[in-house]
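Below is one structure; the comments refer to it alone.
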Amino acid sequence: MTLELGLDTFGDVALGDDGTPLHPAVVVREVLAEGELADRLGLDYFGIGEHHRRDYAVSAPDVVLAALAGRTERIRLGTSVTVLSSDDPVRVFQRFSTLDAVSRGRAEVTVGRGSFIESFPLFGLDLQQYETLFTEKLDLLAALVSEKPVHWEGSTRAPLDVDYVAPATESGRLPVWVGVGGTPASVVRAAQYGFPVVIAIIGGSSRQFVPLADLYRRALGELQQPPQPIGVHSPGYVAATDEQAVEEFLPHFVGYMNMLGRERRWAPMTEAQARAQFGPDGAAYVGSPETVAAKIAETARLLGLSRFQLKYSFGTLPHAQRLECIRLYAEEVAPRVRELLA
């Protein structure tokens, strides 16, 4: 079983020495350094998410990825995710086909609805059209990435009737993934277009998502689409020992989850609940290289994965610790996972 191992970041804003949030410009430069390290150490994928909030520094991941393309040689570059609902599919295609040229064929885009809604009022969109916006824009993007004449009509924008959208990719097909949560309709919709999926597992056991992966594969077959890769995106942190990983990651994990919980009126997360997420049946891959590798390999077997994307930045976790996590993930976790899956 061949498994690609990648990383995801949202450009989480850490704290400076004085305890105040770093400037977003500093965080973006840290992301570039982290992507360079991932490439240098031989990882397969580096994904950057789009957000429009104070706690994340990246609102234009394609621009950051273009800068990273000039500093890297082999790693694939993509998003985690691009919020397609509040974007223009034509511009998404154009930006990422341009990135594909700059990176010599290493560009991907993962589209989704995102887990936040700030982009909707920012771009003057009606949240009442939440479902329609994504459905129609995914349909248009699917037509665009075929790189054939497009004759499309919907309710959320003017019809499009063009023979060519520039620039074309050299391969003739921009890789598009769809980021999904736990909704069966989402994987069936991705299967309709023959798009691979990335399942965001941010709570609970990966075992709970086996029916979703099975449904996706079954839908591909019923829709007469060829088999497609399945990826997983989950948070995690690697340190030399299990104890060190928990000690270093726990305050940032609990702090961020409780900040988010206050926004969404969730009950506060306790330390015990957080530790449960770090365990064998939790969604966070936290521990020594041996512990994290075993958990990734188990998830890959359960779901039949082609790629695992570790969301290594989380809340106010400092840059130095993120760099060390990347090093251990590349040098110790990745080879161990491949041994376990051989």
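All residue names refer to the structure tokens as shown: chains lettered A, B, ... in order, residues numbered from 1 in each chain, ligands numbered from 1 in order.
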- Query: In range 136-254 of chain A, what's helix (DSSP H, G or I) per DSSP? Answer as a VMD selection string?
  - Reply: chain A and resid 136 to 145 184 to 193 206 to 222 242 to 254
- Item | range 4-59 of chain A: residues DSSP assigns to strand (DSSP E), reported as a ChimeraX atom specification | /A:4-9,45-48
- Task: Show which residues sit within 9 Å of Lys311 in chain A, as a list in words. Count only C-alpha atoms, and ignore same-chain residues fewer than 6 positions away.
- Result: Gly6, Leu7, Asp8, Thr9, Phe10, Gly47, His233, Ser234, Pro235, Gly236 and Tyr237 of chain A
Go ahead and write the selection's residues with N, CA and C atoms as a PDB file, in the first residue's frame.
```pdb
ATOM      1  N   GLY A   6       1.700  14.127   3.872  1.00  0.00           N
ATOM      2  CA  GLY A   6       1.763  15.567   3.683  1.00  0.00           C
ATOM      3  C   GLY A   6       1.480  16.329   4.954  1.00  0.00           C
ATOM      4  N   LEU A   7       1.482  17.643   4.812  1.00  0.00           N
ATOM      5  CA  LEU A   7       1.253  18.568   5.922  1.00  0.00           C
ATOM      6  C   LEU A   7       0.228  19.608   5.510  1.00  0.00           C
ATOM      7  N   ASP A   8      -0.513  20.089   6.497  1.00  0.00           N
ATOM      8  CA  ASP A   8      -1.451  21.193   6.288  1.00  0.00           C
ATOM      9  C   ASP A   8      -1.212  22.269   7.337  1.00  0.00           C
ATOM     10  N   THR A   9      -1.401  23.511   6.925  1.00  0.00           N
ATOM     11  CA  THR A   9      -1.364  24.636   7.859  1.00  0.00           C
ATOM     12  C   THR A   9      -2.395  25.667   7.439  1.00  0.00           C
ATOM     13  N   PHE A  10      -2.907  26.394   8.419  1.00  0.00           N
ATOM     14  CA  PHE A  10      -3.781  27.528   8.155  1.00  0.00           C
ATOM     15  C   PHE A  10      -3.046  28.843   8.415  1.00  0.00           C
ATOM     16  N   GLY A  47      -0.113  21.691   2.150  1.00  0.00           N
ATOM     17  CA  GLY A  47      -1.378  22.372   1.917  1.00  0.00           C
ATOM     18  C   GLY A  47      -1.552  23.577   2.818  1.00  0.00           C
ATOM     19  N   HIS A 233      -7.317  14.560   6.528  1.00  0.00           N
ATOM     20  CA  HIS A 233      -6.704  15.729   7.175  1.00  0.00           C
ATOM     21  C   HIS A 233      -7.058  15.666   8.653  1.00  0.00           C
ATOM     22  N   SER A 234      -6.033  15.642   9.517  1.00  0.00           N
ATOM     23  CA  SER A 234      -6.273  15.613  10.962  1.00  0.00           C
ATOM     24  C   SER A 234      -5.173  16.374  11.682  1.00  0.00           C
ATOM     25  N   PRO A 235      -5.505  16.961  12.842  1.00  0.00           N
ATOM     26  CA  PRO A 235      -4.482  17.668  13.612  1.00  0.00           C
ATOM     27  C   PRO A 235      -3.525  16.702  14.298  1.00  0.00           C
ATOM     28  N   GLY A 236      -2.322  17.202  14.587  1.00  0.00           N
ATOM     29  CA  GLY A 236      -1.373  16.364  15.306  1.00  0.00           C
ATOM     30  C   GLY A 236      -0.077  17.082  15.616  1.00  0.00           C
ATOM     31  N   TYR A 237       0.744  16.395  16.395  1.00  0.00           N
ATOM     32  CA  TYR A 237       2.028  16.976  16.819  1.00  0.00           C
ATOM     33  C   TYR A 237       2.963  15.839  17.200  1.00  0.00           C
TER      34      TYR A 237
END
```
- Query: Which residues, written as a list in words, have at least one atom at most 7 Å from Asp163 in chain A, with only C-alpha atoms counted and residues fewer than 3 positions away on the same chain left out?
  - Reply: Lys148, Pro149 and Val150 of chain A
- May I have the residues within 7 Å of range 24-35 of chain A as an MDAnalysis selection string, using only C-alpha atoms and disregarding those fewer than 6 positions away in the same chain? chainID A and resid 11 13 46 57:58 68 319 323
Output of the above residues as a PDB file, in the first residue's frame, restricted to all heavy atoms:
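Once written, result22.pdb looks like this:
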```pdb
ATOM      1  N   GLY A  11      -1.742  28.764   8.697  1.00  0.00           N
ATOM      2  CA  GLY A  11      -1.023  29.969   9.111  1.00  0.00           C
ATOM      3  C   GLY A  11      -1.512  30.450  10.459  1.00  0.00           C
ATOM      4  O   GLY A  11      -1.734  31.647  10.667  1.00  0.00           O
ATOM      5  N   VAL A  13      -1.793  31.869  13.993  1.00  0.00           N
ATOM      6  CA  VAL A  13      -1.023  32.976  14.565  1.00  0.00           C
ATOM      7  C   VAL A  13      -0.564  32.615  15.980  1.00  0.00           C
ATOM      8  O   VAL A  13      -1.381  32.487  16.902  1.00  0.00           O
ATOM      9  CB  VAL A  13      -1.856  34.270  14.585  1.00  0.00           C
ATOM     10  CG1 VAL A  13      -1.079  35.392  15.265  1.00  0.00           C
ATOM     11  CG2 VAL A  13      -2.225  34.680  13.150  1.00  0.00           C
ATOM     12  N   PHE A  46       2.203  19.750   0.632  1.00  0.00           N
ATOM     13  CA  PHE A  46       2.109  20.865   1.580  1.00  0.00           C
ATOM     14  C   PHE A  46       0.857  21.659   1.226  1.00  0.00           C
ATOM     15  O   PHE A  46       0.748  22.218   0.131  1.00  0.00           O
ATOM     16  CB  PHE A  46       3.342  21.764   1.499  1.00  0.00           C
ATOM     17  CG  PHE A  46       3.456  22.719   2.659  1.00  0.00           C
ATOM     18  CD1 PHE A  46       3.931  22.289   3.890  1.00  0.00           C
ATOM     19  CD2 PHE A  46       3.096  24.054   2.519  1.00  0.00           C
ATOM     20  CE1 PHE A  46       4.044  23.164   4.967  1.00  0.00           C
ATOM     21  CE2 PHE A  46       3.200  24.933   3.584  1.00  0.00           C
ATOM     22  CZ  PHE A  46       3.684  24.486   4.815  1.00  0.00           C
ATOM     23  N   ALA A  57      -3.345  33.625   9.465  1.00  0.00           N
ATOM     24  CA  ALA A  57      -2.680  34.691   8.710  1.00  0.00           C
ATOM     25  C   ALA A  57      -2.888  34.610   7.204  1.00  0.00           C
ATOM     26  O   ALA A  57      -2.567  35.555   6.490  1.00  0.00           O
ATOM     27  CB  ALA A  57      -1.176  34.665   9.008  1.00  0.00           C
ATOM     28  N   VAL A  58      -3.398  33.487   6.706  1.00  0.00           N
ATOM     29  CA  VAL A  58      -3.450  33.287   5.252  1.00  0.00           C
ATOM     30  C   VAL A  58      -4.883  33.410   4.743  1.00  0.00           C
ATOM     31  O   VAL A  58      -5.740  32.595   5.064  1.00  0.00           O
ATOM     32  CB  VAL A  58      -2.877  31.913   4.863  1.00  0.00           C
ATOM     33  CG1 VAL A  58      -2.932  31.750   3.346  1.00  0.00           C
ATOM     34  CG2 VAL A  58      -1.439  31.757   5.357  1.00  0.00           C
ATOM     35  N   LEU A  68       6.145  29.875  -2.475  1.00  0.00           N
ATOM     36  CA  LEU A  68       6.762  28.619  -2.067  1.00  0.00           C
ATOM     37  C   LEU A  68       7.230  27.803  -3.268  1.00  0.00           C
ATOM     38  O   LEU A  68       8.243  27.091  -3.192  1.00  0.00           O
ATOM     39  CB  LEU A  68       5.753  27.816  -1.236  1.00  0.00           C
ATOM     40  CG  LEU A  68       6.264  26.640  -0.423  1.00  0.00           C
ATOM     41  CD1 LEU A  68       7.415  27.048   0.491  1.00  0.00           C
ATOM     42  CD2 LEU A  68       5.126  26.057   0.402  1.00  0.00           C
ATOM     43  N   HIS A 319       6.594  28.549  16.286  1.00  0.00           N
ATOM     44  CA  HIS A 319       7.273  28.184  15.038  1.00  0.00           C
ATOM     45  C   HIS A 319       8.376  27.157  15.275  1.00  0.00           C
ATOM     46  O   HIS A 319       8.489  26.187  14.509  1.00  0.00           O
ATOM     47  CB  HIS A 319       7.839  29.463  14.415  1.00  0.00           C
ATOM     48  CG  HIS A 319       8.615  29.281  13.147  1.00  0.00           C
ATOM     49  ND1 HIS A 319       8.126  28.620  12.044  1.00  0.00           N
ATOM     50  CD2 HIS A 319       9.870  29.704  12.803  1.00  0.00           C
ATOM     51  CE1 HIS A 319       9.028  28.651  11.069  1.00  0.00           C
ATOM     52  NE2 HIS A 319      10.095  29.285  11.510  1.00  0.00           N
ATOM     53  N   LEU A 323       8.582  23.485  13.474  1.00  0.00           N
ATOM     54  CA  LEU A 323       9.705  23.018  12.659  1.00  0.00           C
ATOM     55  C   LEU A 323      10.213  21.663  13.138  1.00  0.00           C
ATOM     56  O   LEU A 323      10.497  20.767  12.329  1.00  0.00           O
ATOM     57  CB  LEU A 323      10.841  24.038  12.676  1.00  0.00           C
ATOM     58  CG  LEU A 323      10.609  25.348  11.933  1.00  0.00           C
ATOM     59  CD1 LEU A 323      11.749  26.320  12.206  1.00  0.00           C
ATOM     60  CD2 LEU A 323      10.452  25.118  10.429  1.00  0.00           C
TER      61      LEU A 323
END
```
- Residues near Glu50 in chain A, cut-off 10 Å, only C-alpha atoms, skip fewer than 4 positions along chain, as a list in words: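 Using only C-alpha atoms, the neighbours found are Thr9, Phe10, Gly11, Tyr56, Ala57, Val58, Ser59, Ala60, Pro61, Asp62, Thr79, Ser80, Val81, Thr82, Val83, Gly114 and Ser119 of chain A.
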Deliver the residues from the most recent selection as a file, using N, CA and C atoms, as a PDB file, in the first residue's frame.
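So result.pdb came out as:
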```
ATOM      1  N   THR A   9      -1.401  23.511   6.925  1.00  0.00           N
ATOM      2  CA  THR A   9      -1.364  24.636   7.859  1.00  0.00           C
ATOM      3  C   THR A   9      -2.395  25.667   7.439  1.00  0.00           C
ATOM      4  N   PHE A  10      -2.907  26.394   8.419  1.00  0.00           N
ATOM      5  CA  PHE A  10      -3.781  27.528   8.155  1.00  0.00           C
ATOM      6  C   PHE A  10      -3.046  28.843   8.415  1.00  0.00           C
ATOM      7  N   GLY A  11      -1.742  28.764   8.697  1.00  0.00           N
ATOM      8  CA  GLY A  11      -1.023  29.969   9.111  1.00  0.00           C
ATOM      9  C   GLY A  11      -1.512  30.450  10.459  1.00  0.00           C
ATOM     10  N   TYR A  56      -5.818  33.352  11.990  1.00  0.00           N
ATOM     11  CA  TYR A  56      -5.096  32.731  10.877  1.00  0.00           C
ATOM     12  C   TYR A  56      -4.563  33.826   9.965  1.00  0.00           C
ATOM     13  N   ALA A  57      -3.345  33.625   9.465  1.00  0.00           N
ATOM     14  CA  ALA A  57      -2.680  34.691   8.710  1.00  0.00           C
ATOM     15  C   ALA A  57      -2.888  34.610   7.204  1.00  0.00           C
ATOM     16  N   VAL A  58      -3.398  33.487   6.706  1.00  0.00           N
ATOM     17  CA  VAL A  58      -3.450  33.287   5.252  1.00  0.00           C
ATOM     18  C   VAL A  58      -4.883  33.410   4.743  1.00  0.00           C
ATOM     19  N   SER A  59      -5.121  34.441   3.942  1.00  0.00           N
ATOM     20  CA  SER A  59      -6.410  34.578   3.257  1.00  0.00           C
ATOM     21  C   SER A  59      -6.280  34.321   1.761  1.00  0.00           C
ATOM     22  N   ALA A  60      -5.050  34.321   1.241  1.00  0.00           N
ATOM     23  CA  ALA A  60      -4.804  34.091  -0.189  1.00  0.00           C
ATOM     24  C   ALA A  60      -3.743  32.996  -0.331  1.00  0.00           C
ATOM     25  N   PRO A  61      -4.119  31.731  -0.104  1.00  0.00           N
ATOM     26  CA  PRO A  61      -3.114  30.665  -0.118  1.00  0.00           C
ATOM     27  C   PRO A  61      -2.404  30.506  -1.450  1.00  0.00           C
ATOM     28  N   ASP A  62      -3.075  30.805  -2.556  1.00  0.00           N
ATOM     29  CA  ASP A  62      -2.422  30.650  -3.855  1.00  0.00           C
ATOM     30  C   ASP A  62      -1.211  31.567  -3.993  1.00  0.00           C
ATOM     31  N   THR A  79      -4.135  23.393  -1.473  1.00  0.00           N
ATOM     32  CA  THR A  79      -4.881  24.137  -0.461  1.00  0.00           C
ATOM     33  C   THR A  79      -5.645  23.191   0.450  1.00  0.00           C
ATOM     34  N   SER A  80      -5.982  23.728   1.619  1.00  0.00           N
ATOM     35  CA  SER A  80      -6.645  22.906   2.633  1.00  0.00           C
ATOM     36  C   SER A  80      -7.610  23.747   3.474  1.00  0.00           C
ATOM     37  N   VAL A  81      -8.608  24.372   2.943  1.00  0.00           N
ATOM     38  CA  VAL A  81      -9.113  24.282   1.578  1.00  0.00           C
ATOM     39  C   VAL A  81      -9.185  25.681   0.967  1.00  0.00           C
ATOM     40  N   THR A  82      -9.532  25.718  -0.342  1.00  0.00           N
ATOM     41  CA  THR A  82     -10.005  26.935  -0.983  1.00  0.00           C
ATOM     42  C   THR A  82     -11.525  26.990  -0.811  1.00  0.00           C
ATOM     43  N   VAL A  83     -12.030  28.097  -0.268  1.00  0.00           N
ATOM     44  CA  VAL A  83     -13.471  28.205   0.008  1.00  0.00           C
ATOM     45  C   VAL A  83     -14.171  28.556  -1.307  1.00  0.00           C
ATOM     46  N   GLY A 114     -15.490  25.129   3.727  1.00  0.00           N
ATOM     47  CA  GLY A 114     -14.803  25.687   4.879  1.00  0.00           C
ATOM     48  C   GLY A 114     -15.596  25.486   6.155  1.00  0.00           C
ATOM     49  N   SER A 119     -16.140  34.533   5.136  1.00  0.00           N
ATOM     50  CA  SER A 119     -15.960  34.949   3.739  1.00  0.00           C
ATOM     51  C   SER A 119     -17.272  35.355   3.075  1.00  0.00           C
TER      52      SER A 119
END
```
- Task: Would you list the contacts of range 180-194 of chain A as a list of chain:residue names, taking every protein, DNA or RNA residue within 6 Å and counting only C-alpha atoms, but skipping same-chain residues closer than 5 positions in sequence?
- Result: A:Ile199, A:Ala200, A:Tyr216, A:Ala219, A:Leu220, A:Gln225
- Tell me, in Å to one decimal, how far CA of Tyr312 in chain A is from CA of Tyr329 in chain A.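 Interatomic distance here is 9.5 Å.
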- Message: For a quick check of understanding, using only C-alpha atoms, which of A:Pro280, A:Leu317, A:Arg262, A:Leu310 has the smallest distance to Ala330 in chain A?
- Response: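 Using only C-alpha atoms, Ala330 in chain A sits closest to A:Leu310.
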